[in-house]
Amino acid sequence: MRVKDLPEISKLSTPEKILLVEDLWDNISADDSSIPVPKSHKAELDKRLKRYQSAPGTLLSLDDLREKIEKRK
């Protein structure tokens with residue numbers, strides 16, 4: 001299905017279209033079991049987890065990151 005198949009969508013303002021997309025995404029993500037995760041994504045997550053586990057001290061915690069950001073203001 002395309003936007004051209006639903007002429008009502010073309011009549012919406014940009015903010016209304018954004019809200020529609022958000023509603024559609026919420027509807028899709030409510031059932032995440034139907035969304036397949038590619039093997040390449042899983043492999044990348046595994047790689048990043050291993051890198052973190054091998055050198056966790058080289059990364060910032062969320063609190064440390066927030067503190068650095070606040071200091072820049």
# chains A, B, ... in the order shown; residues from 1 in each chain; ligands from 1
$ residues_around --residues "stretch 18-31 of chain A" --least-positions-apart "6" --cutoff "12 Å" --atoms "only C-alpha atoms" --output "PyMOL selection string"
chain A and resi 3+8-10+12
$ write_last_selection --atoms "C-alpha atoms" --output "mmCIF file, in the first residue's frame"
data_model
loop_
_atom_site.group_PDB
_atom_site.id
_atom_site.type_symbol
_atom_site.label_atom_id
_atom_site.label_comp_id
_atom_site.auth_asym_id
_atom_site.auth_seq_id
_atom_site.Cartn_x
_atom_site.Cartn_y
_atom_site.Cartn_z
ATOM 1 C CA VAL A 3 0.273 6.988 0.074
ATOM 2 C CA GLU A 8 -6.781 11.271 2.467
ATOM 3 C CA ILE A 9 -3.177 11.064 3.637
ATOM 4 C CA SER A 10 -2.040 13.560 1.012
ATOM 5 C CA LEU A 12 -2.970 15.926 5.913
#
$ select_by_dssp --residues "chain A" --states "helix (DSSP H, G or I)" --output "PyMOL selection string"
chain A and resi 3-5+7-10+14-29+32-34+39-54+56-58+62-72
